[in-house]
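> Compact mmCIF, C-alpha atoms, file target_35.txt:
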```txt
# COMPACT_ATOMS: atom_id res chain seq x y z
CA MET A 1 21.92 5.12 20.20
CA THR A 2 18.17 5.91 20.16
CA GLU A 3 16.47 5.73 16.76
CA ASN A 4 14.84 8.92 15.54
CA PRO A 5 11.06 8.55 16.11
CA GLU A 6 10.49 10.75 13.06
CA ASN A 7 11.51 7.81 10.86
CA ILE A 8 9.15 5.20 12.34
CA VAL A 9 5.64 4.12 11.38
CA ARG A 10 3.82 2.83 14.44
CA LEU A 11 0.54 1.27 15.54
CA GLU A 12 0.01 1.67 19.30
CA ASP A 13 -2.76 -0.69 20.47
CA ALA A 14 -4.55 0.46 17.35
CA GLY A 15 -7.75 -1.15 16.18
CA PHE A 16 -10.65 -0.45 13.87
CA ARG A 17 -14.21 -1.57 14.46
CA SER A 18 -17.10 -1.24 12.02
CA GLY A 19 -20.40 -1.85 13.73
CA ASP A 20 -20.13 -5.15 15.60
CA ARG A 21 -17.14 -6.31 13.58
CA GLN A 22 -13.57 -5.86 14.78
CA CYS A 23 -11.79 -5.40 11.43
CA VAL A 24 -8.27 -4.93 12.78
CA GLY A 25 -6.50 -5.20 16.08
CA PRO A 26 -5.87 -4.00 18.54
CA LEU A 27 -2.27 -4.21 17.28
CA THR A 28 1.03 -2.79 18.44
CA LEU A 29 3.55 -2.76 15.61
CA GLU A 30 6.51 -0.72 14.39
CA PHE A 31 7.45 -0.59 10.72
CA ARG A 32 11.16 0.20 10.49
CA GLU A 33 12.17 -1.90 7.48
CA ARG A 34 12.28 -0.51 3.93
CA ARG A 35 10.14 -3.29 2.45
CA VAL A 36 7.30 -4.77 4.51
CA GLY A 37 4.84 -7.26 3.03
CA ILE A 38 1.40 -7.98 4.50
CA VAL A 39 -0.21 -11.31 3.67
CA GLY A 40 -3.47 -12.94 4.64
CA ARG A 41 -6.74 -14.23 3.31
CA ASN A 42 -9.37 -11.91 1.85
CA GLY A 43 -11.05 -10.10 4.72
CA ALA A 44 -8.09 -10.56 7.06
CA GLY A 45 -7.74 -6.80 7.57
CA LYS A 46 -4.90 -5.96 5.18
CA SER A 47 -6.68 -3.10 3.40
CA THR A 48 -7.98 -1.70 6.68
CA MET A 49 -4.48 -1.65 8.15
CA LEU A 50 -3.16 0.25 5.13
CA ARG A 51 -6.02 2.77 5.36
CA LEU A 52 -5.17 3.36 9.03
CA LEU A 53 -1.51 3.94 8.16
CA ALA A 54 -2.51 6.33 5.37
CA GLY A 55 -4.81 8.28 7.67
CA LEU A 56 -7.84 7.56 5.48
CA ASP A 57 -9.52 5.92 8.49
CA SER A 58 -9.07 6.88 12.12
CA PRO A 59 -8.54 4.04 14.60
CA THR A 60 -11.52 3.39 16.83
CA GLU A 61 -9.05 2.54 19.58
CA GLY A 62 -5.36 3.25 20.15
CA ARG A 63 -3.16 5.43 17.97
CA VAL A 64 -1.43 5.49 14.60
CA VAL A 65 1.78 7.52 14.48
CA VAL A 66 3.64 8.12 11.22
CA HIS A 67 6.96 9.93 11.52
CA GLY A 68 5.82 11.41 14.81
CA ARG A 69 2.46 12.67 13.51
CA ASN A 70 -1.18 11.62 13.29
CA PRO A 71 -1.98 11.07 9.59
CA ALA A 72 -5.76 11.07 10.07
CA ARG A 73 -5.76 14.47 11.79
CA GLU A 74 -3.02 16.08 9.70
CA ARG A 75 -4.34 15.34 6.23
CA ARG A 76 -2.50 18.14 4.42
CA TRP A 77 0.81 16.84 5.76
CA ALA A 78 -0.11 13.21 5.07
CA VAL A 79 -0.98 13.85 1.41
CA GLY A 80 2.62 14.81 0.66
CA LYS A 81 4.26 12.16 2.81
CA ILE A 82 2.14 9.02 2.32
CA GLY A 83 1.08 7.67 -1.04
CA MET A 84 -1.49 4.88 -1.25
CA ILE A 85 -2.56 2.85 -4.26
CA PHE A 86 -5.95 1.16 -3.88
CA GLN A 87 -6.81 -2.28 -5.16
CA ASN A 88 -9.61 -0.81 -7.30
CA PRO A 89 -8.40 2.12 -9.45
CA ASP A 90 -11.95 3.44 -9.83
CA GLN A 91 -11.94 4.30 -6.12
CA GLN A 92 -8.93 6.54 -6.70
CA ILE A 93 -9.43 8.32 -10.04
CA ILE A 94 -11.47 11.52 -9.72
CA PHE A 95 -10.70 13.60 -12.84
CA PRO A 96 -11.89 13.04 -16.43
CA THR A 97 -8.55 13.21 -18.26
CA VAL A 98 -5.20 11.57 -17.58
CA GLU A 99 -3.37 14.90 -17.50
CA GLU A 100 -5.77 16.36 -14.93
CA GLU A 101 -5.57 13.24 -12.76
CA LEU A 102 -1.77 13.24 -12.69
CA ALA A 103 -1.49 16.99 -12.17
CA PHE A 104 -3.89 17.09 -9.21
CA GLY A 105 -1.44 15.71 -6.65
CA LEU A 106 1.35 17.99 -7.82
CA LYS A 107 -0.91 21.03 -7.44
CA GLN A 108 -1.76 19.90 -3.91
CA LEU A 109 1.96 20.00 -3.19
CA GLY A 110 2.11 23.61 -4.35
CA GLN A 111 3.23 23.33 -7.97
CA GLY A 112 1.76 25.83 -10.41
CA ARG A 113 -0.45 24.75 -13.28
CA ASN A 114 2.22 25.00 -15.97
CA ALA A 115 4.91 23.28 -13.89
CA ALA A 116 2.54 20.46 -13.01
CA ARG A 117 1.52 20.00 -16.65
CA GLN A 118 5.15 19.89 -17.76
CA ALA A 119 6.03 17.30 -15.07
CA VAL A 120 3.05 15.18 -16.12
CA ARG A 121 4.00 15.22 -19.79
CA GLU A 122 7.61 14.34 -19.00
CA CYS A 123 6.44 11.45 -16.83
CA LEU A 124 4.11 10.09 -19.51
CA GLU A 125 6.78 10.39 -22.18
CA MET A 126 9.33 8.61 -19.99
CA HIS A 127 6.95 5.67 -19.62
CA GLY A 128 5.97 5.57 -23.29
CA ARG A 129 2.48 6.96 -22.64
CA ALA A 130 2.77 10.47 -24.13
CA ASP A 131 -0.44 9.91 -26.10
CA TRP A 132 -2.39 9.48 -22.85
CA ALA A 133 -2.23 13.15 -21.80
CA ARG A 134 -5.64 14.22 -23.14
CA GLN A 135 -7.22 10.79 -23.02
CA GLN A 136 -10.36 10.20 -20.96
CA CYS A 137 -9.60 8.09 -17.89
CA HIS A 138 -12.75 6.01 -18.35
CA SER A 139 -11.56 4.98 -21.83
CA LEU A 140 -8.53 3.19 -20.37
CA SER A 141 -8.64 -0.50 -19.54
CA GLN A 142 -8.66 -1.52 -15.86
CA GLY A 143 -4.96 -2.36 -16.03
CA GLN A 144 -4.21 0.99 -17.66
CA ARG A 145 -6.23 2.82 -14.99
CA HIS A 146 -4.28 0.99 -12.30
CA PHE A 147 -1.05 2.03 -14.02
CA LEU A 148 -2.33 5.62 -14.04
CA CYS A 149 -2.83 5.49 -10.26
CA LEU A 150 0.72 4.22 -9.82
CA LEU A 151 2.10 7.09 -11.85
CA ALA A 152 0.01 9.63 -9.92
CA VAL A 153 1.42 8.47 -6.59
CA LEU A 154 5.01 8.13 -7.78
CA LEU A 155 4.91 11.63 -9.28
CA MET A 156 4.27 13.07 -5.82
CA LYS A 157 7.41 11.37 -4.44
CA PRO A 158 6.04 10.52 -0.97
CA ASP A 159 8.26 9.18 1.80
CA ILE A 160 6.04 6.11 2.28
CA LEU A 161 4.28 3.99 -0.34
CA LEU A 162 1.27 1.92 0.75
CA LEU A 163 0.17 -0.57 -1.90
CA ASP A 164 -3.01 -2.63 -1.69
CA GLU A 165 -2.75 -5.59 -4.09
CA PRO A 166 -0.72 -3.48 -6.56
CA PHE A 167 -0.74 -6.07 -9.37
CA SER A 168 -4.51 -6.49 -9.59
CA GLY A 169 -5.59 -5.96 -13.20
CA LEU A 170 -2.09 -5.38 -14.55
CA ASP A 171 -0.74 -7.24 -17.55
CA LEU A 172 2.61 -9.04 -17.34
CA PRO A 173 4.79 -6.22 -18.80
CA THR A 174 3.28 -3.65 -16.44
CA SER A 175 3.58 -6.01 -13.44
CA THR A 176 7.22 -6.61 -14.32
CA TRP A 177 7.81 -2.86 -14.57
CA LEU A 178 6.18 -2.23 -11.19
CA LYS A 179 8.22 -4.92 -9.45
CA ARG A 180 11.40 -3.42 -10.87
CA GLU A 181 10.24 0.07 -9.86
CA LEU A 182 9.56 -1.04 -6.30
CA GLN A 183 13.05 -2.50 -6.00
CA ASP A 184 14.58 0.82 -7.04
CA VAL A 185 12.49 3.40 -5.16
CA GLY A 186 14.06 4.95 -2.09
CA GLN A 187 10.81 5.20 -0.15
CA GLN A 188 9.65 2.82 2.52
CA VAL A 189 7.18 0.40 0.91
CA ILE A 190 4.42 -1.39 2.83
CA LEU A 191 2.29 -3.58 0.61
CA ALA A 192 -0.50 -6.10 0.90
CA THR A 193 -0.17 -8.82 -1.70
CA HIS A 194 -0.61 -12.51 -2.46
CA ASP A 195 2.42 -12.44 -4.78
CA MET A 196 4.85 -14.87 -3.14
CA GLU A 197 7.78 -13.78 -5.30
CA LEU A 198 7.43 -10.19 -4.16
CA LEU A 199 6.85 -11.18 -0.54
CA ARG A 200 10.06 -13.22 -0.54
CA SER A 201 11.98 -10.10 -1.58
CA CYS A 202 10.64 -8.10 1.41
CA ASP A 203 12.69 -7.42 4.52
CA ARG A 204 9.78 -8.49 6.70
CA VAL A 205 6.40 -10.17 6.31
CA ILE A 206 3.35 -9.70 8.56
CA TRP A 207 0.59 -12.31 8.37
CA LEU A 208 -2.88 -11.13 9.37
CA GLU A 209 -5.73 -13.46 10.26
CA HIS A 210 -9.12 -12.10 11.36
CA GLY A 211 -7.53 -8.70 11.93
CA ARG A 212 -4.90 -10.03 14.32
CA MET A 213 -1.27 -10.89 13.76
CA ALA A 214 -0.68 -14.59 13.10
CA GLY A 215 2.95 -14.21 12.04
CA ASP A 216 5.68 -11.60 11.92
CA GLY A 217 9.25 -12.09 10.79
CA LEU A 218 11.55 -12.79 7.89
CA PRO A 219 9.90 -14.09 4.70
CA GLY A 220 11.68 -17.42 5.08
CA GLU A 221 10.14 -17.82 8.54
CA VAL A 222 6.58 -16.61 7.95
CA LEU A 223 5.72 -17.68 4.41
CA PRO A 224 6.28 -21.45 4.75
CA VAL A 225 3.97 -21.55 7.78
CA TYR A 226 1.39 -19.37 6.03
CA LEU A 227 1.44 -21.54 2.89
CA GLU A 228 1.14 -24.70 4.98
CA ALA A 229 -1.90 -23.26 6.75
CA MET A 230 -3.50 -22.28 3.44
CA GLU A 231 -2.90 -25.76 2.05
CA ARG A 232 -4.61 -27.29 5.09
CA LEU A 233 -7.60 -25.02 4.61
CA SER A 234 -7.84 -25.74 0.89
CA ALA A 235 -7.80 -29.47 1.66
CA GLY A 236 -10.79 -28.98 3.94
CA SER A 237 -8.95 -29.89 7.13
CA GLY A 238 -8.62 -27.84 10.28
CA GLN A 239 -11.73 -25.75 9.56
CA ASN A 240 -12.45 -25.35 13.27
CA ARG A 241 -8.91 -24.40 14.05
CA SER A 242 -7.36 -20.98 13.71
CA VAL A 243 -4.68 -20.88 11.05
CA GLY A 244 -2.74 -18.72 13.50
CA ASP A 245 -2.20 -21.66 15.87
CA HIS A 246 1.35 -21.79 14.51
CA PRO A 247 2.51 -18.19 14.84
CA CYS A 248 5.91 -17.16 13.59
CA TRP A 249 7.05 -14.22 15.66
CA HIS A 250 9.86 -11.85 14.69
```
Could you render the structure as structure tokens?


Amino acid sequence: MTENPENIVRLEDAGFRSGDRQCVGPLTLEFRERRVGIVGRNGAGKSTMLRLLAGLDSPTEGRVVVHGRNPARERRWAVGKIGMIFQNPDQQIIFPTVEEELAFGLKQLGQGRNAARQAVRECLEMHGRADWARQQCHSLSQGQRHFLCLLAVLLMKPDILLLDEPFSGLDLPTSTWLKRELQDVGQQVILATHDMELLRSCDRVIWLEHGRMAGDGLPGEVLPVYLEAMERLSAGSGQNRSVGDHPCWH
């Protein structure tokens, strides 16, 4: 039986180049699993891959297809279907107050002002943040601003969640809440993280190195090889050797 292409996220020889630097790819990948983790050193291309999947950047070669559509060209559709949380919350927050920030996405989806405001207040109350409604976003701590971004995306109920280092700046209680939330959500989750505990709970792990795939498979296959390679690098050995010399293919 042929799988419905409308349910697949796909990179087709997709790559992204900035000036003389090849940031990602070209890569051919299909994301079918519910929980996919992306691991790699800083600058390996993790954030760029997520931006391509979200349609925030267009590939400079190849194609990105999400549920049969081009997210970069069909931005109105992508806003309701793909939610992305950036590593830096200040790149995401655009409104002065918490209530305005949370209501913005709901209004984009067609909700009226009053309905959006009511949904926002219910969400804040449910998470014990009812006093945040009229608070200035800039007055929140970095961890609180990151939490605000999480709530804004989850409120929109997208089909796909793209998370770029989702625990950056979060305190332990909030990190614990997010991990629990990610286990319970019904959406497909694709996240870039260095959190080994979370990566081990994924259905699949992709290891990027210099924008190319160094490993792809089950967490128990990819992570031990990745950690071994990182240990060799931290010890100062193998500097002239690609850490992807020991690929772990799915």

> Taking the point (7.5, -19.4, 5.6) as given in the file, collect each protein or nucleic acid residue that comes within 12 Å of it, counting only C-alpha atoms, and present the set as a list in words.

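With a cut-off of 12 Å, the residues come to Val39, Met196, Leu199, Arg200, Arg204, Val205, Ile206, Trp207, Gly215, Asp216, Gly217, Leu218, Pro219, Gly220, Glu221, Val222, Leu223, Pro224, Val225, Tyr226, Leu227, Glu228, Ala229, Met230, His246, Pro247, Cys248 and Trp249 of chain A.
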
> Which one is closest to Leu29 (chain A): A:Leu155, A:Met213, A:Leu102, A:Leu170? Count all atoms listed in the file.

A:Met213

> Which one of A:Ala133, A:Ala235, A:Leu50, A:Leu109 sits closest to Ile85 (chain A) if you count only C-alpha atoms?

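Going through A:Ala133, A:Ala235, A:Leu50, A:Leu109 one by one, the smallest distance to Ile85 (chain A) is for A:Leu50.
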
> So that I can check the surroundings of Gln183 (chain A), please list as a ChimeraX atom specification every protein, DNA and RNA residue that reaches within 10 Å of it, counting all atoms listed in the file and ignoring chain neighbours fewer than 3 positions away.

/A:35,178-180,186-187,189,198,201-202

> Find the distance between CA of Val66 (chain A) and CA of Cys123 (chain A) and write it in Å to one decimal.

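Computing it gives 28.4 Å between the two atoms.
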
> Which of these residues is nearest to Cys23 (chain A), using only C-alpha atoms: A:Thr176, A:Ile8, A:Pro166, A:Leu52?

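Using only C-alpha atoms, the shortest distance to Cys23 (chain A) belongs to A:Leu52.
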
> A:Lys46, A:Arg34, A:Arg129, A:Arg10: which is nearest Asn70 (chain A), counting only C-alpha atoms?

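For Asn70 (chain A), the nearest of the given residues is A:Arg10.
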
> At what distance in Å, to one decimal, does CA of Phe95 (chain A) lie from CA of Glu125 (chain A)?

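Between these atoms lies a distance of 20.1 Å.
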
> Restricting the calculation to all atoms listed in the file: of A:Arg76, A:Arg232, A:Arg117, A:Arg51, which residue gets closest to Gly15 (chain A)?

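Closest to Gly15 (chain A), using all atoms listed in the file: A:Arg51.
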
> State, in Å with one decimal place, the distance from CA of Ser168 (chain A) to CA of Thr193 (chain A).

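Spanning CA of Ser168 (chain A) to CA of Thr193 (chain A) is a straight-line distance of 9.3 Å.
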